[in-house]
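Student: Data file coords08.cif (mmCIF, C-alpha atoms) is appended below.
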data_final
#
loop_
_atom_site.label_atom_id
_atom_site.label_comp_id
_atom_site.auth_asym_id
_atom_site.auth_seq_id
_atom_site.Cartn_x
_atom_site.Cartn_y
_atom_site.Cartn_z
CA SER A 273 141.21 62.08 66.68
CA THR A 274 138.81 60.21 68.98
CA GLN A 275 141.28 60.52 71.87
CA HIS A 276 141.66 64.24 71.18
CA THR A 277 137.85 64.68 71.21
CA THR A 278 137.59 62.81 74.50
CA VAL A 279 140.28 65.00 76.09
CA MET A 280 138.54 68.17 74.90
CA THR A 281 135.26 66.92 76.28
CA HIS A 282 136.82 66.26 79.69
CA VAL A 283 138.46 69.67 79.68
CA LEU A 284 135.17 71.37 78.91
CA LEU A 285 133.39 69.36 81.59
CA LEU A 286 136.07 70.17 84.14
CA SER A 287 135.93 73.85 83.23
CA ALA A 288 132.18 73.89 83.67
CA LEU A 289 132.44 72.23 87.07
CA LEU A 290 135.10 74.70 88.19
CA LEU A 291 132.97 77.61 87.09
CA GLN A 292 130.02 76.13 88.95
CA ALA A 293 132.11 75.81 92.09
CA ALA A 294 133.28 79.40 91.74
CA SER A 295 129.70 80.56 91.29
CA ASN A 296 128.58 78.69 94.39
CA SER A 297 131.42 80.25 96.35
CA CYS A 298 130.39 83.72 95.25
CA VAL A 299 126.81 83.03 96.31
CA ALA A 300 128.00 81.74 99.67
CA PHE A 301 130.17 84.83 100.23
CA HIS A 302 127.25 87.02 99.16
CA ALA A 303 125.10 85.46 101.86
CA GLY A 304 127.79 86.40 104.37
CA GLY A 305 127.86 90.04 103.38
CA VAL A 306 129.77 90.39 100.07
CA PRO A 307 128.08 92.94 97.76
CA SER A 308 125.64 91.50 95.23
CA SER A 309 127.78 92.66 92.27
CA ARG A 310 130.42 90.11 93.29
CA ALA A 311 127.81 87.37 93.49
CA THR A 312 126.50 87.85 89.97
CA LEU A 313 129.83 87.76 88.14
CA VAL A 314 129.54 84.05 87.35
CA LYS A 315 126.38 82.45 86.07
CA PRO A 316 125.48 79.14 87.77
CA LEU A 317 124.71 75.90 85.98
CA ALA A 318 121.21 75.11 84.86
CA ALA A 319 118.84 73.57 87.32
CA ASP A 320 118.93 70.21 85.52
CA GLY A 321 122.65 69.82 86.38
CA ASN A 322 123.82 69.55 82.77
CA PRO A 323 127.16 71.40 82.65
CA PHE A 324 126.95 71.95 78.89
CA ASN A 325 123.86 74.13 79.33
CA PHE A 326 126.23 76.72 80.78
CA PHE A 327 128.01 77.07 77.43
CA LYS A 328 124.68 77.15 75.61
CA ASP A 329 123.57 80.03 77.82
CA VAL A 330 126.86 81.87 77.23
CA LEU A 331 126.66 81.46 73.46
CA SER A 332 122.93 82.18 73.27
CA PRO A 333 122.03 84.52 76.12
CA SER A 334 118.32 85.06 76.72
CA GLY A 335 118.76 88.68 77.70
CA GLY A 336 117.58 88.10 81.26
CA ASP A 337 114.48 90.30 81.01
CA ALA A 338 111.03 88.84 80.62
CA GLU A 339 109.06 90.04 77.62
CA VAL A 340 106.59 92.75 78.49
CA ALA A 341 103.07 91.89 77.38
CA ALA A 342 101.58 94.29 74.87
CA PRO A 343 98.88 96.47 76.43
CA VAL A 344 95.31 95.51 75.62
CA PRO A 345 93.88 98.14 73.28
CA ALA A 346 91.04 100.12 74.81
CA ILE A 347 87.62 99.74 73.24
CA PRO A 348 86.33 103.19 72.25
CA ASP A 349 82.99 104.28 73.69
CA VAL A 350 80.05 103.58 71.39
CA VAL A 351 77.12 105.98 71.62
CA VAL A 352 74.03 104.53 69.94
CA ASP A 353 72.14 106.98 67.73
CA SER A 354 68.59 107.96 68.62
CA ASP A 355 65.73 106.38 66.72
CA TYR A 356 62.32 108.04 66.37
CA LYS A 357 60.56 105.26 64.46
CA LEU A 358 58.81 103.97 67.58
CA ALA A 359 57.51 107.45 68.44
CA ALA A 360 56.34 107.97 64.85
CA ALA A 361 54.60 104.57 64.79
CA PHE A 362 52.72 105.29 68.03
CA GLY A 363 51.80 108.78 66.77
CA ALA A 364 50.41 107.33 63.55
CA ALA A 365 48.50 104.69 65.53
CA ALA A 366 46.97 107.39 67.75
CA VAL A 367 45.72 109.36 64.76
CA SER A 368 44.39 106.20 63.11
CA ILE A 369 42.44 105.22 66.24
CA VAL A 370 40.79 108.63 66.49
CA ILE A 371 39.86 108.62 62.80
CA ALA A 372 38.65 105.00 62.85
CA THR A 373 36.30 105.71 65.79
CA ASP A 374 35.00 108.95 64.28
CA ALA A 375 36.51 110.85 67.18
CA SER A 376 34.22 109.15 69.67
CA VAL A 377 34.85 109.69 73.37
CA GLY A 378 36.36 106.26 73.87
CA GLY A 379 38.38 106.44 70.69
CA SER A 380 39.63 109.91 71.49
CA ILE A 381 40.68 108.92 75.01
CA PHE A 382 42.45 105.77 73.83
CA GLY A 383 44.06 107.61 70.91
CA GLY A 384 45.11 110.39 73.27
CA LEU A 385 46.88 107.88 75.56
CA ILE A 386 48.74 106.41 72.60
CA ALA A 387 49.68 109.94 71.50
CA LEU A 388 51.08 110.64 74.99
CA LEU A 389 53.23 107.52 74.72
CA ALA A 390 54.44 108.70 71.30
CA SER A 391 55.39 112.07 72.80
CA LEU A 392 57.20 110.39 75.70
CA PHE A 393 59.20 108.17 73.33
CA ALA A 394 60.16 111.19 71.22
CA VAL A 395 61.33 113.17 74.27
CA GLN A 396 63.31 110.24 75.65
CA ALA A 397 64.92 109.60 72.27
CA THR A 398 66.06 113.22 72.28
CA ARG A 399 67.47 113.38 75.81
CA ILE A 400 68.76 109.80 76.47
CA ARG A 401 71.72 108.01 74.92
CA PHE A 402 72.78 104.40 75.30
CA VAL A 403 76.55 104.15 75.76
CA PHE A 404 78.72 101.03 75.56
CA ASP A 405 82.24 101.52 76.92
CA GLN A 406 85.17 99.27 77.79
CA ASP A 407 83.34 97.17 80.38
CA SER A 408 79.83 98.52 80.97
CA PHE A 409 76.51 99.60 79.48
CA GLU A 410 75.24 102.99 80.67
CA LEU A 411 72.36 105.40 80.15
CA LYS A 412 73.51 108.99 79.75
CA ALA A 413 71.56 112.21 79.41
CA VAL A 414 72.17 114.93 76.83
CA ASP A 415 72.71 118.30 78.48
CA ALA A 416 70.16 120.75 77.07
CA ASP A 417 72.66 123.63 77.00
CA THR A 418 75.99 122.07 76.02
CA LYS A 419 74.57 119.09 74.09
CA GLN A 420 77.24 116.98 75.78
CA LEU A 421 76.64 113.65 77.49
CA ALA A 422 76.15 113.84 81.26
CA ASP A 423 75.22 111.58 84.15
CA SER A 424 71.59 110.51 83.90
CA GLY A 425 71.18 110.42 87.69
CA GLU A 426 69.82 107.58 89.80
CA ASN A 427 67.52 104.91 88.44
CA ILE A 428 63.95 106.05 89.16
CA VAL A 429 62.78 102.51 89.94
CA VAL A 430 65.50 100.84 92.02
CA GLY A 431 67.95 103.68 92.65
CA GLY A 432 71.68 103.61 91.97
CA ALA A 433 73.56 104.57 88.82
CA ASN A 434 72.18 103.65 85.41
CA ARG A 435 75.34 101.70 84.64
CA TRP A 436 75.78 97.93 84.54
CA SER A 437 78.87 95.88 83.81
CA TYR A 438 78.75 93.33 80.99
CA ASP A 439 79.82 90.60 83.41
CA SER A 440 76.56 91.05 85.35
CA PHE A 441 74.31 90.45 82.31
CA VAL A 442 72.36 87.20 82.49
CA ASN A 443 70.23 87.50 79.37
CA TRP A 444 68.58 90.03 77.08
CA ASP A 445 65.98 90.13 74.31
CA PHE A 446 63.86 92.35 72.04
CA TYR A 447 60.03 92.31 72.05
CA PRO A 448 58.17 91.44 69.96
CA SER A 449 61.25 90.66 67.79
CA VAL A 450 64.72 91.92 66.99
CA ASP A 451 63.49 93.06 63.55
CA PHE A 452 60.58 95.05 65.01
CA PRO A 453 61.58 95.99 68.57
CA ILE A 454 59.22 97.92 70.84
CA LEU A 455 60.71 96.94 74.18
CA VAL A 456 64.29 95.98 75.02
CA TYR A 457 64.78 93.65 77.97
CA PHE A 458 67.83 92.61 79.97
CA LYS A 459 68.48 91.02 83.33
CA GLU A 460 71.56 91.70 85.46
CA THR A 461 72.96 90.55 88.80
CA GLN A 462 74.53 93.85 89.87
CA THR A 463 71.73 95.96 91.36
CA PRO A 464 71.48 95.38 95.14
CA LYS A 465 68.11 94.45 96.61
CA PRO A 466 66.70 96.78 99.33
CA ASP A 467 65.86 93.77 101.49
CA GLY A 468 69.42 92.44 101.29
CA GLY A 469 68.47 89.53 99.05
CA GLU A 470 70.38 88.23 96.07
CA PRO A 471 71.33 91.20 93.86
CA GLY A 472 69.88 91.56 90.42
CA GLN A 473 67.13 93.31 88.50
CA ILE A 474 65.09 93.00 85.31
CA HIS A 475 65.01 96.09 83.08
CA PHE A 476 62.70 97.13 80.24
CA PHE A 477 63.03 100.25 78.14
CA PRO A 478 61.48 101.38 74.85
CA ALA A 479 63.47 100.84 71.68
CA ILE A 480 64.34 104.52 71.17
CA ALA A 481 67.87 103.87 69.89
CA ASN A 482 69.01 102.58 66.55
#
The structure given in the file should be rewritten as structure tokens.
Tutor:
Amino acid sequence: STQHTTVMTHVLLLSALLLQAASNSCVAFHAGGVPSSRATLVKPLAADGNPFNFFKDVLSPSGGDAEVAAPVPAIPDVVVDSDYKLAAAFGAAAVSIVIATDASVGGSIFGGLIALLASLFAVQATRIRFVFDQDSFELKAVDADTKQLADSGENIVVGGANRWSYDSFVNWDFYPSVDFPILVYFKETQTPKPDGGEPGQIHFFPAIAN
């Protein structure tokens, strides 16, 4: 039985070597001009030189094709709802200042300025939307006629589109706190400097979104 096993082992080894030689011959002929279909009839031995890997590959073929990676699911755009609490708070503060000063000249002027800010916040909350998409944060405008989101135009301070990639964000914060935000702050490294210096810009905007 042991002798029979040894003979079978030698036969298998010899067969593998012969097949390897035939494969090498096909590859050599292919390099000299034989069509590629002739060169791929026999599968060569594994790179580690183990002839028994040939039989393993025959019995358990890998299929030859690499697995295709599943596509990364797209993140849907998130449009943040408007929030009028800041406008209402400034409006209430304006009225309170005027009442507390008995409508004095100074009190009326100061209260009037606060009321103008309240009106500005209310208008901006109506016409501006904060949009988070797959890779960027963007300010969009609401079209007065169609009520659809549209390009908000160039940034009135530094120019360029009101769109910044997440990768450019350095830091951000809410003032005075995240629980009672009045101003939202973030710093990015995307906006080019007019003087050609290192790109980047600090941004502040009122907390007019939820």
Student: Starting from the displayed file, determine the output of the PyMOL selection byres ((chain A and resi 445-462) around 9) and express the residue list as a list in words.
Tutor: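 Output of the PyMOL selection byres ((chain A and resi 445-462) around 9): Leu358, Trp436, Ser437, Tyr438, Asp439, Ser440, Phe441, Val442, Asn443, Trp444, Thr463, Pro464, Glu470, Pro471, Gly472, Gln473, Ile474, His475, Phe476, Phe477, Pro478, Ala479 and Ile480 of chain A.
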Student: What gap, in Å, lies between CA of Ala413 in chain A and CA of Leu392 in chain A?
Tutor: 14.9 Å
Student: Mind checking which residues fall within 10 Å of Gly384 in chain A, counting all atoms listed in the file, ignoring those fewer than 2 positions away in the same chain, and posting them as a VMD selection string?
Tutor: chain A and resid 363 366 to 367 369 to 370 378 to 382 386 to 390
Student: Given the file shown, determine the residues that the PyMOL selection byres ((chain A and resi 402-410) around 9) selects; report them as a list in words.
Tutor: Ala346, Ile347, Pro348, Asp349, Val350, Val351, Val352, Asp353, Ser354, Ile400, Arg401, Leu411, Lys412, Ala413, Ser424, Ala433, Asn434, Arg435, Trp436, Ser437, Tyr438, Asp439 and Ala481 of chain A
Student: Using only C-alpha atoms, which of A:Ser391, A:Thr398, A:Thr418, A:Asn427 sits nearest Asp355 in chain A?
Tutor: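 Using only C-alpha atoms, Asp355 in chain A sits closest to A:Thr398.
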Student: Using Å and a single decimal, report how far CA of Ala394 in chain A sits from CA of Ala365 in chain A.
Tutor: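 For CA of Ala365 in chain A relative to CA of Ala394 in chain A, the distance reads 14.5 Å.
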Student: Would you mind reading off the distance between CA of Val429 in chain A and CA of Tyr356 in chain A, one decimal, in Å?
Tutor: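 These two atoms are separated by 24.2 Å.
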